[in-house]
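See below for query-v3.cif, which holds mmCIF, C-alpha atoms.
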```cif
data_target
#
loop_
_atom_site.label_atom_id
_atom_site.label_comp_id
_atom_site.auth_asym_id
_atom_site.auth_seq_id
_atom_site.Cartn_x
_atom_site.Cartn_y
_atom_site.Cartn_z
CA MET A 1 4.04 31.09 9.17
CA LYS A 2 2.43 30.28 5.82
CA ARG A 3 -0.11 27.44 5.85
CA SER A 4 -0.04 24.96 2.99
CA PRO A 5 -3.30 24.13 1.17
CA LEU A 6 -3.12 20.63 2.66
CA GLU A 7 -3.37 21.93 6.21
CA THR A 8 -6.73 22.45 7.87
CA PRO A 9 -7.75 24.30 11.03
CA LEU A 10 -7.64 21.99 14.04
CA SER A 11 -9.98 21.73 17.01
CA GLU A 12 -8.68 20.98 20.49
CA THR A 13 -10.59 17.67 20.45
CA ARG A 14 -8.96 16.62 17.20
CA ALA A 15 -5.56 17.62 18.59
CA GLN A 16 -6.15 15.34 21.59
CA GLU A 17 -7.18 12.51 19.27
CA ILE A 18 -3.96 12.86 17.29
CA LEU A 19 -1.78 12.88 20.40
CA ASN A 20 -3.61 9.88 21.84
CA ALA A 21 -3.29 7.92 18.59
CA TYR A 22 0.09 8.89 17.16
CA GLY A 23 1.97 9.95 20.27
CA ALA A 24 4.14 12.98 20.83
CA THR A 25 6.45 12.87 17.80
CA PRO A 26 5.34 15.28 15.03
CA GLU A 27 6.82 13.03 12.30
CA ARG A 28 4.13 10.44 13.11
CA TRP A 29 1.23 12.89 12.98
CA PRO A 30 -0.94 13.12 9.85
CA GLU A 31 0.89 15.34 7.42
CA GLU A 32 -2.07 17.57 6.60
CA GLU A 33 -2.68 18.37 10.29
CA ARG A 34 0.90 18.53 11.51
CA GLN A 35 1.55 22.25 11.20
CA ALA A 36 -1.81 23.20 12.67
CA LEU A 37 -1.16 20.94 15.67
CA VAL A 38 2.28 22.43 16.24
CA GLU A 39 0.70 25.90 16.29
CA LEU A 40 -2.13 24.82 18.58
CA LEU A 41 0.30 23.14 20.97
CA ALA A 42 2.23 26.37 21.37
CA GLN A 43 -0.93 28.04 22.70
CA SER A 44 -2.42 25.29 24.87
CA PRO A 45 -0.91 24.17 28.21
CA GLU A 46 -3.44 21.28 28.36
CA LEU A 47 -2.24 19.93 25.03
CA GLN A 48 1.40 20.39 26.10
CA SER A 49 0.69 18.28 29.16
CA LEU A 50 -0.95 15.60 27.03
CA GLN A 51 2.03 15.64 24.67
CA LYS A 52 4.38 15.15 27.63
CA THR A 53 2.41 12.11 28.82
CA ALA A 54 2.34 10.71 25.29
CA SER A 55 6.06 11.27 25.00
CA GLU A 56 6.73 9.09 28.08
CA LEU A 57 4.93 6.16 26.45
CA ASP A 58 6.74 6.86 23.15
CA ASP A 59 10.08 6.55 24.94
CA LEU A 60 9.08 3.17 26.33
CA LEU A 61 7.82 1.98 22.94
CA ASP A 62 11.06 3.08 21.28
CA GLY A 63 12.89 0.80 23.67
CA TRP A 64 11.43 -2.33 22.05
CA GLN A 65 14.00 -3.26 19.43
CA PRO A 66 13.91 -7.03 18.90
CA GLU A 67 16.80 -8.60 17.06
CA ALA A 68 15.91 -9.38 13.49
CA ALA A 69 18.49 -11.25 11.47
CA HIS A 70 17.76 -12.15 7.89
CA ASP A 71 19.46 -14.34 5.33
CA THR A 72 18.53 -13.31 1.82
CA ASP A 73 21.53 -14.81 -0.02
CA THR A 74 19.77 -18.17 -0.32
CA LEU A 75 16.67 -16.46 -1.64
CA ILE A 76 18.54 -14.60 -4.37
CA ARG A 77 20.42 -17.76 -5.39
CA SER A 78 17.25 -19.85 -5.72
CA LEU A 79 14.70 -17.51 -7.25
CA PRO A 80 11.77 -19.26 -8.94
CA ALA A 81 10.47 -18.44 -12.43
CA GLN A 82 8.51 -15.22 -12.78
CA THR A 83 4.82 -15.28 -13.62
CA PRO A 84 3.77 -13.46 -16.81
CA ARG A 85 2.00 -10.12 -16.57
CA LYS A 86 -1.77 -10.33 -16.02
CA GLN A 87 -3.63 -9.33 -19.20
CA SER A 88 -6.75 -7.18 -19.28
CA TRP A 89 -9.77 -8.46 -21.26
CA LEU A 90 -8.94 -5.95 -24.00
CA ASP A 91 -5.39 -7.29 -24.28
CA GLN A 92 -6.71 -10.85 -24.38
CA LEU A 93 -9.22 -9.95 -27.11
CA THR A 94 -6.55 -8.19 -29.14
CA ALA A 95 -4.22 -11.15 -28.73
CA PHE A 96 -6.97 -13.50 -29.92
CA PHE A 97 -7.62 -11.59 -33.15
CA LEU A 98 -4.08 -10.38 -33.68
CA PRO A 99 -1.70 -13.12 -32.60
CA LYS A 100 1.27 -10.94 -33.45
CA PRO A 101 1.03 -7.67 -31.57
CA ILE A 102 0.86 -4.62 -33.75
CA GLY A 103 2.85 -1.67 -32.53
CA TRP A 104 1.16 1.69 -32.20
CA ARG A 105 3.38 3.10 -34.95
CA GLN A 106 2.15 0.53 -37.49
CA GLY A 107 -1.42 1.10 -36.33
CA LEU A 108 -1.04 4.83 -36.76
CA LEU A 109 0.50 4.38 -40.20
CA ALA A 110 -2.35 2.13 -41.33
CA GLY A 111 -4.86 4.67 -40.09
CA VAL A 112 -3.42 7.59 -42.08
CA PRO A 113 -5.02 6.72 -45.50
CA LEU A 114 -8.31 6.06 -43.76
CA MET A 115 -8.23 9.43 -42.02
CA LEU A 116 -7.20 11.24 -45.23
CA GLY A 117 -10.11 9.67 -47.10
CA PHE A 118 -12.50 10.60 -44.34
CA MET A 119 -11.31 14.20 -44.23
CA TRP A 120 -11.43 14.49 -48.03
CA GLY A 121 -14.97 13.18 -47.94
CA LEU A 122 -15.99 15.74 -45.34
CA SER A 123 -14.33 18.72 -46.93
CA GLY A 124 -15.56 18.13 -50.56
CA GLU A 125 -18.41 20.11 -52.24
CA PRO A 126 -21.84 18.47 -52.20
CA PRO A 127 -22.64 16.68 -55.50
CA ALA A 128 -23.20 19.26 -58.23
CA ASP A 129 -25.60 17.10 -60.30
CA ASP A 130 -29.16 18.07 -59.92
CA TRP A 131 -31.15 14.93 -60.56
CA SER A 132 -34.48 16.67 -60.25
CA GLU A 133 -34.31 17.67 -63.95
CA THR A 134 -33.56 14.09 -65.06
CA GLU A 135 -36.28 12.82 -62.84
CA PHE A 136 -38.70 15.35 -64.35
CA LEU A 137 -37.75 14.31 -67.90
CA ILE A 138 -38.25 10.62 -67.16
CA PHE A 139 -41.73 11.11 -65.83
CA ASN A 140 -42.68 13.96 -68.22
CA PRO A 141 -40.97 13.17 -71.53
CA PRO A 142 -41.04 15.95 -74.18
CA MET A 143 -43.86 15.74 -76.68
CA GLU A 144 -41.51 15.10 -79.64
CA VAL A 145 -40.23 11.92 -77.98
CA LEU A 146 -43.75 10.69 -77.44
CA THR A 147 -44.88 11.48 -80.98
CA ASP A 148 -41.82 10.04 -82.84
CA GLU A 149 -43.33 6.62 -83.00
CA MET B 1 16.65 4.73 -8.91
CA ASP B 2 12.94 5.05 -8.06
CA ASP B 3 10.55 2.22 -7.17
CA HIS B 4 8.98 2.15 -10.62
CA ALA B 5 12.27 1.88 -12.51
CA LEU B 6 13.54 -0.73 -10.08
CA MET B 7 10.45 -2.93 -10.34
CA GLU B 8 10.34 -2.50 -14.11
CA ARG B 9 13.81 -4.05 -14.22
CA VAL B 10 12.83 -6.76 -11.74
CA SER B 11 9.79 -7.64 -13.90
CA ARG B 12 12.19 -8.25 -16.81
CA GLY B 13 14.10 -10.77 -14.68
CA ASP B 14 16.96 -8.47 -13.65
CA ARG B 15 18.50 -10.16 -10.61
CA GLU B 16 20.75 -7.21 -9.87
CA ALA B 17 17.71 -4.95 -9.51
CA PHE B 18 16.04 -7.54 -7.30
CA THR B 19 19.13 -7.70 -5.10
CA ALA B 20 18.80 -3.93 -4.68
CA VAL B 21 15.13 -4.35 -3.67
CA VAL B 22 16.15 -7.00 -1.12
CA ALA B 23 18.90 -4.80 0.30
CA LEU B 24 16.52 -1.86 0.57
CA TYR B 25 13.49 -3.55 2.07
CA ALA B 26 14.40 -6.90 3.68
CA PRO B 27 15.61 -5.41 7.00
CA ALA B 28 12.40 -3.38 7.49
CA LEU B 29 10.22 -6.34 6.51
CA GLN B 30 12.11 -8.56 8.92
CA GLN B 31 11.57 -6.09 11.76
CA PHE B 32 7.90 -5.88 10.88
CA ALA B 33 7.40 -9.64 10.77
CA VAL B 34 9.33 -10.25 14.00
CA ARG B 35 7.28 -7.65 15.84
CA LEU B 36 4.06 -9.13 14.56
CA LEU B 37 4.83 -12.84 14.84
CA LEU B 38 7.27 -12.71 17.76
CA GLN B 39 9.27 -15.58 16.28
CA GLN B 40 12.52 -15.24 14.36
CA GLN B 41 12.09 -18.36 12.26
CA GLN B 42 8.56 -17.57 11.14
CA ALA B 43 9.47 -13.95 10.50
CA GLU B 44 12.33 -15.06 8.27
CA GLU B 45 10.00 -17.32 6.33
CA VAL B 46 7.56 -14.45 5.85
CA VAL B 47 10.30 -12.20 4.52
CA GLN B 48 11.52 -14.91 2.12
CA GLU B 49 7.98 -15.52 0.88
CA THR B 50 7.22 -11.80 0.56
CA LEU B 51 10.31 -11.18 -1.53
CA THR B 52 9.75 -14.32 -3.61
CA ARG B 53 6.24 -13.08 -4.42
CA ALA B 54 7.59 -9.64 -5.23
CA TRP B 55 10.02 -11.26 -7.68
CA GLN B 56 7.38 -13.48 -9.24
CA ARG B 57 4.70 -10.80 -9.50
CA ALA B 58 6.90 -7.79 -10.14
CA SER B 59 4.86 -6.92 -13.23
CA ASP B 60 1.72 -6.56 -11.04
CA TYR B 61 3.28 -3.72 -9.07
CA ASP B 62 1.55 -0.44 -9.92
CA PRO B 63 3.53 2.60 -8.71
CA SER B 64 0.50 4.86 -9.19
CA ARG B 65 -1.36 2.93 -6.48
CA ALA B 66 1.25 2.48 -3.76
CA ARG B 67 4.89 2.96 -2.84
CA LEU B 68 6.95 -0.21 -3.13
CA SER B 69 7.38 -0.23 0.64
CA THR B 70 3.59 -0.21 1.12
CA TRP B 71 3.10 -2.96 -1.47
CA LEU B 72 5.71 -5.19 0.20
CA HIS B 73 4.35 -4.52 3.68
CA ARG B 74 0.88 -5.49 2.50
CA ILE B 75 2.15 -8.83 1.18
CA ALA B 76 4.06 -9.45 4.42
CA HIS B 77 1.06 -8.40 6.51
CA ASN B 78 -1.24 -10.85 4.69
CA LEU B 79 1.25 -13.66 5.28
CA CYS B 80 1.63 -12.76 8.97
CA VAL B 81 -2.13 -12.61 9.46
CA ASP B 82 -2.49 -16.06 7.88
CA ILE B 83 0.08 -17.46 10.32
CA LEU B 84 -1.45 -15.72 13.35
CA ARG B 85 -4.96 -16.91 12.51
CA ARG B 86 -3.71 -20.44 12.01
CA GLN B 87 -1.97 -20.25 15.40
CA ASP B 88 -5.12 -18.89 17.03
CA ARG B 89 -7.09 -21.84 15.69
CA GLU B 90 -4.48 -24.24 17.01
CA LEU B 91 -3.81 -22.49 20.33
CA PRO B 92 -6.94 -20.52 21.10
CA ALA B 93 -6.54 -20.09 24.87
CA ALA B 94 -4.38 -17.31 26.26
CA HIS B 95 -2.22 -17.47 23.18
CA ALA B 96 -1.09 -13.86 23.25
CA SER B 97 0.25 -13.83 26.76
CA GLU B 98 1.95 -17.20 26.32
CA THR B 99 3.64 -16.00 23.16
CA ALA B 100 4.71 -12.85 24.93
CA LEU B 101 6.42 -14.76 27.68
CA THR B 102 8.01 -17.15 25.20
CA TRP B 103 9.30 -14.19 23.26
CA ILE B 104 11.16 -12.71 26.19
CA ASP B 105 12.33 -16.17 27.17
CA SER B 106 11.06 -15.86 30.73
CA ALA B 107 8.21 -18.30 30.90
CA GLU B 108 8.28 -18.56 34.65
CA THR B 109 8.80 -14.90 35.36
CA GLU B 110 6.00 -12.69 36.67
CA ILE B 111 5.47 -9.52 34.71
CA GLY B 112 6.19 -7.37 37.77
CA THR B 113 9.78 -8.58 38.00
CA LEU B 114 10.69 -7.95 34.36
CA GLU B 115 12.94 -5.22 33.03
CA THR B 116 11.15 -2.25 31.47
CA HIS B 117 11.87 -3.22 27.86
CA ASP B 118 10.61 -6.72 28.58
CA LYS B 119 7.47 -5.27 30.13
CA ILE B 120 6.92 -3.26 26.98
CA ALA B 121 7.47 -6.37 24.84
CA CYS B 122 5.01 -8.23 27.00
CA ALA B 123 2.41 -5.46 26.82
CA ILE B 124 2.71 -5.13 23.04
CA THR B 125 2.55 -8.85 22.44
CA ALA B 126 -0.59 -9.06 24.57
CA LEU B 127 -2.38 -6.80 22.10
CA SER B 128 -4.71 -8.31 19.53
CA GLU B 129 -3.31 -8.83 16.03
CA ARG B 130 -5.07 -5.76 14.63
CA HIS B 131 -3.99 -3.44 17.45
CA ARG B 132 -0.42 -4.72 17.25
CA THR B 133 -0.32 -4.35 13.47
CA ALA B 134 -1.55 -0.74 13.59
CA LEU B 135 0.97 0.09 16.30
CA VAL B 136 3.93 -1.65 14.63
CA LEU B 137 3.25 -0.13 11.20
CA THR B 138 2.83 3.38 12.60
CA TYR B 139 5.52 3.45 15.28
CA TYR B 140 8.23 1.16 14.01
CA GLN B 141 7.86 1.02 10.22
CA SER B 142 7.56 4.81 9.80
CA LEU B 143 4.63 4.54 7.42
CA SER B 144 2.09 7.31 7.02
CA ASN B 145 -1.45 6.95 8.37
CA ARG B 146 -2.78 6.49 4.82
CA GLU B 147 -0.24 3.78 4.05
CA VAL B 148 -1.09 1.93 7.26
CA ALA B 149 -4.78 2.17 6.40
CA GLU B 150 -4.07 0.84 2.92
CA ILE B 151 -2.03 -2.10 4.20
CA MET B 152 -4.68 -3.03 6.76
CA ARG B 153 -7.54 -2.29 4.33
CA LEU B 154 -9.17 0.04 6.83
CA SER B 155 -10.08 3.71 6.93
CA VAL B 156 -7.63 6.16 8.47
CA ARG B 157 -10.10 6.81 11.28
CA ALA B 158 -10.34 3.09 12.03
CA VAL B 159 -6.54 2.86 12.24
CA GLU B 160 -6.50 5.85 14.60
CA SER B 161 -9.07 4.18 16.77
CA LEU B 162 -6.92 1.02 16.93
CA LEU B 163 -3.88 3.11 17.84
CA VAL B 164 -5.69 4.91 20.67
CA ARG B 165 -6.89 1.63 22.14
CA ALA B 166 -3.49 -0.03 21.70
CA ARG B 167 -1.69 2.78 23.52
CA GLN B 168 -4.27 2.80 26.29
CA GLN B 169 -4.01 -0.96 26.74
CA ILE B 170 -0.20 -0.82 26.90
CA LYS B 171 -0.39 1.97 29.47
CA ASN B 172 -2.86 -0.04 31.58
CA THR B 173 -0.69 -3.17 31.41
CA LEU B 174 2.38 -1.22 32.47
CA GLU B 175 0.53 0.46 35.34
CA GLU B 176 -0.79 -2.88 36.57
CA SER B 177 2.69 -4.40 36.48
CA SER B 178 4.40 -1.58 38.41
#
```
Write-out of the structure in structure tokens:
Amino acid sequence: MKRSPLETPLSETRAQEILNAYGATPERWPEEERQALVELLAQSPELQSLQKTASELDDLLDGWQPEAAHDTDTLIRSLPAQTPRKQSWLDQLTAFFLPKPIGWRQGLLAGVPLMLGFMWGLSGEPPADDWSETEFLIFNPPMEVLTDE
Amino acid sequence: MDDHALMERVSRGDREAFTAVVALYAPALQQFAVRLLLQQQQAEEVVQETLTRAWQRASDYDPSRARLSTWLHRIAHNLCVDILRRQDRELPAAHASETALTWIDSAETEIGTLETHDKIACAITALSERHRTALVLTYYQSLSNREVAEIMRLSVRAVESLLVRARQQIKNTLEESS
């Protein structure tokens, strides 16, 4: 039989713990250990005996079925008002600055020009002007400029 | 319709969806509360209050955290524990055994003369609140070990330990009575 990734190998001690806690019915056993316990039970007469004892108590427990009548018609007829959804601090902050909620579509639309500008700025050539020449001329004017006066 | 869709509709005030929630879960909640409180009237009040809270706080339900059944059982469990603790404060002495005998309506009957199902009722009701809760949620409410642990806010191992002791105590009580 193929073992699922959830299932783990089971020790005899752990098998006893499961039977003592959950009883003899496999449906009540922990899901990830169920198949391994079924396989271990098939090989161990001690565990089979423990399962039989557990099964006797299970049968007795199953016998306790107290009557439980319920009247829910009145409840449905007289339902109180619902409480509004709890807001996270982010929602509360957004609501404070933006009383009217902005939908994600409008937000996305408003962000498009911003993103285009940003991308255009990133993809453009670096400024072609070389200011070093201008700077040089300011601090070292040509002789003819200096001698004109 | 799944839990999420159902509670989404309930959170928008859809009474039809809420009626479906009631039809699906009220019987199990009633069984749970009766087994824990051992009193019809109180159990009914717990179920009413649980469902009223579910209606009022439907928008708080998070399907990624728990199944609807687990969420409702946790609300009901908290309400039951409040009642049981209040009762323990008011009737501290031998409360469990008295309640057990009241439950089976045989106050003057010795445990040895009871029918088997009454003996079982008596043995279960003599358990402490935590042992009884673990047993009832696992055996009668068909919840997984993780769900029981979540409802009781305990680890899975702690729930298992409660179950072992609960079963042992029931066995001892039954052996003493026979």
Which chain B residues have any atom within 9 Å of an atom of chain A, and for each, what is the nearest pair of atoms with distance in Å to one decimal, counting only C-alpha atoms, rows sorted by chain and number, as a Markdown table?
```
| residue | atom | partner | partner_atom | distance |
| --- | --- | --- | --- | --- |
| B:Ser11 | CA | A:Gln82 | CA | 7.8 |
| B:Arg12 | CA | A:Gln82 | CA | 8.9 |
| B:Gly13 | CA | A:Gln82 | CA | 7.4 |
| B:Arg15 | CA | A:Ile76 | CA | 7.7 |
| B:Phe18 | CA | A:Ile76 | CA | 8.0 |
| B:Thr19 | CA | A:Ile76 | CA | 7.0 |
| B:Val22 | CA | A:Thr72 | CA | 7.4 |
| B:Ala23 | CA | A:Thr72 | CA | 8.7 |
| B:Ala26 | CA | A:His70 | CA | 7.5 |
| B:Pro27 | CA | A:His70 | CA | 7.1 |
| B:Gln30 | CA | A:Ala68 | CA | 6.0 |
| B:Gln31 | CA | A:Ala68 | CA | 5.7 |
| B:Ala33 | CA | A:Ala68 | CA | 8.9 |
| B:Val34 | CA | A:Ala68 | CA | 6.7 |
| B:Arg35 | CA | A:Pro66 | CA | 7.3 |
| B:Leu38 | CA | A:Pro66 | CA | 8.8 |
| B:Gln40 | CA | A:Ala68 | CA | 6.8 |
| B:Ala43 | CA | A:Ala68 | CA | 8.4 |
| B:Glu44 | CA | A:His70 | CA | 6.2 |
| B:Val47 | CA | A:His70 | CA | 8.2 |
| B:Gln48 | CA | A:Leu75 | CA | 6.6 |
| B:Leu51 | CA | A:Leu75 | CA | 8.3 |
| B:Thr52 | CA | A:Leu79 | CA | 6.9 |
| B:Arg53 | CA | A:Gln82 | CA | 8.9 |
| B:Trp55 | CA | A:Gln82 | CA | 6.6 |
| B:Gln56 | CA | A:Gln82 | CA | 4.1 |
| B:Arg57 | CA | A:Thr83 | CA | 6.1 |
| B:Ala58 | CA | A:Gln82 | CA | 8.0 |
| B:Ser59 | CA | A:Arg85 | CA | 5.4 |
| B:Asp60 | CA | A:Arg85 | CA | 6.6 |
| B:Thr116 | CA | A:Leu60 | CA | 7.8 |
| B:His117 | CA | A:Trp64 | CA | 5.9 |
| B:Asp118 | CA | A:Trp64 | CA | 7.9 |
| B:Ile120 | CA | A:Leu61 | CA | 6.7 |
| B:Ala121 | CA | A:Trp64 | CA | 6.3 |
| B:Ile124 | CA | A:Leu61 | CA | 8.8 |
| B:Leu135 | CA | A:Tyr22 | CA | 8.9 |
| B:Thr138 | CA | A:Arg28 | CA | 7.2 |
| B:Tyr139 | CA | A:Arg28 | CA | 7.4 |
| B:Tyr140 | CA | A:Asp62 | CA | 8.0 |
| B:Ser142 | CA | A:Arg28 | CA | 7.4 |
| B:Leu143 | CA | A:Arg28 | CA | 8.2 |
| B:Ser144 | CA | A:Pro30 | CA | 7.1 |
| B:Asn145 | CA | A:Pro30 | CA | 6.4 |
| B:Arg146 | CA | A:Pro30 | CA | 8.5 |
| B:Val159 | CA | A:Ala21 | CA | 8.7 |
| B:Glu160 | CA | A:Ala21 | CA | 5.5 |
| B:Ser161 | CA | A:Ala21 | CA | 7.1 |
| B:Leu162 | CA | A:Ala21 | CA | 8.0 |
| B:Leu163 | CA | A:Ala21 | CA | 4.9 |
| B:Val164 | CA | A:Ala21 | CA | 4.4 |
| B:Arg165 | CA | A:Ala21 | CA | 8.1 |
| B:Ala166 | CA | A:Ala21 | CA | 8.5 |
| B:Arg167 | CA | A:Ala21 | CA | 7.3 |
| B:Gln168 | CA | A:Asn20 | CA | 8.4 |
| B:Ile170 | CA | A:Leu57 | CA | 8.7 |
| B:Lys171 | CA | A:Leu57 | CA | 7.4 |
```
Answer key for the PyMOL selection byres ((chain B and resi 84) around 12), residues as a ChimeraX atom specification: /B:33,36-39,42-43,46,77-83,85-92,95-96,99,128-130,132-133
Reference answer for the PyMOL selection byres ((chain A and resi 40) around 12), as a PyMOL selection string: chain A and resi 8-16+33-39+41-48+51
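For the atom pair formed by atom CA of Asp3 of chain B and atom CA of Ala158 of chain B, the distance is 28.4 Å, given to one decimal.
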Atomic distance atom CA of Ala123 of chain B - atom CA of Glu176 of chain B, expressed in Å with one decimal: 10.6 Å
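Our summary of the geometry notes that atom CA of Pro63 of chain B is positioned 5.8 Å from atom CA of His4 of chain B.
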Padding of 5 Å on every side, edges along x, y and z, all listed atoms of segment 66-75 of chain A included: what centre and edge lengths in Å, to one decimal, does that box have, as AutoDock Vina command-line options?
```
--center_x 17.7 --center_y -12.6 --center_z 8.6 --size_x 17.6 --size_y 21.1 --size_z 30.5
```
Residue among B:Tyr61, B:Ala126, B:Gln41, B:Ala28 lying closest to Ala5 of chain B, counting all atoms listed in the file: B:Tyr61
Could you give me segment 30-49 of chain B completed to N, CA and C atoms, formatted as a compact mmCIF listing (two decimals), in the frame of the given file?
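Generated file (part-v5.txt):
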```txt
# COMPACT_ATOMS: atom_id res chain seq x y z
N GLN B 30 11.75 -7.62 7.86
CA GLN B 30 12.11 -8.56 8.92
C GLN B 30 11.69 -8.01 10.28
N GLN B 31 11.97 -6.73 10.51
CA GLN B 31 11.57 -6.09 11.76
C GLN B 31 10.05 -6.15 11.94
N PHE B 32 9.36 -5.88 10.85
CA PHE B 32 7.90 -5.88 10.88
C PHE B 32 7.37 -7.27 11.24
N ALA B 33 7.89 -8.28 10.56
CA ALA B 33 7.40 -9.64 10.77
C ALA B 33 7.75 -10.15 12.17
N VAL B 34 8.94 -9.81 12.64
CA VAL B 34 9.33 -10.25 14.00
C VAL B 34 8.42 -9.61 15.04
N ARG B 35 8.12 -8.35 14.86
CA ARG B 35 7.28 -7.65 15.84
C ARG B 35 5.84 -8.16 15.82
N LEU B 36 5.44 -8.64 14.67
CA LEU B 36 4.06 -9.13 14.56
C LEU B 36 3.95 -10.59 15.00
N LEU B 37 4.92 -11.39 14.59
CA LEU B 37 4.83 -12.84 14.84
C LEU B 37 5.54 -13.25 16.12
N LEU B 38 6.52 -12.45 16.53
CA LEU B 38 7.27 -12.71 17.76
C LEU B 38 8.12 -13.97 17.67
N GLN B 39 8.42 -14.40 16.47
CA GLN B 39 9.27 -15.58 16.28
C GLN B 39 10.22 -15.34 15.11
N GLN B 40 11.50 -15.48 15.39
CA GLN B 40 12.52 -15.24 14.36
C GLN B 40 12.30 -16.10 13.12
N GLN B 41 12.15 -17.41 13.36
CA GLN B 41 12.09 -18.36 12.26
C GLN B 41 10.91 -18.06 11.33
N GLN B 42 9.75 -17.86 11.94
CA GLN B 42 8.56 -17.57 11.14
C GLN B 42 8.69 -16.23 10.41
N ALA B 43 9.28 -15.27 11.11
CA ALA B 43 9.47 -13.95 10.50
C ALA B 43 10.37 -14.06 9.27
N GLU B 44 11.41 -14.88 9.40
CA GLU B 44 12.33 -15.06 8.27
C GLU B 44 11.61 -15.71 7.08
N GLU B 45 10.76 -16.67 7.40
CA GLU B 45 10.00 -17.32 6.33
C GLU B 45 9.05 -16.33 5.64
N VAL B 46 8.46 -15.45 6.43
CA VAL B 46 7.56 -14.45 5.85
C VAL B 46 8.32 -13.51 4.91
N VAL B 47 9.50 -13.11 5.36
CA VAL B 47 10.30 -12.20 4.52
C VAL B 47 10.70 -12.90 3.22
N GLN B 48 11.13 -14.15 3.32
CA GLN B 48 11.52 -14.91 2.12
C GLN B 48 10.33 -15.02 1.17
N GLU B 49 9.16 -15.34 1.71
CA GLU B 49 7.98 -15.52 0.88
C GLU B 49 7.53 -14.19 0.27
```
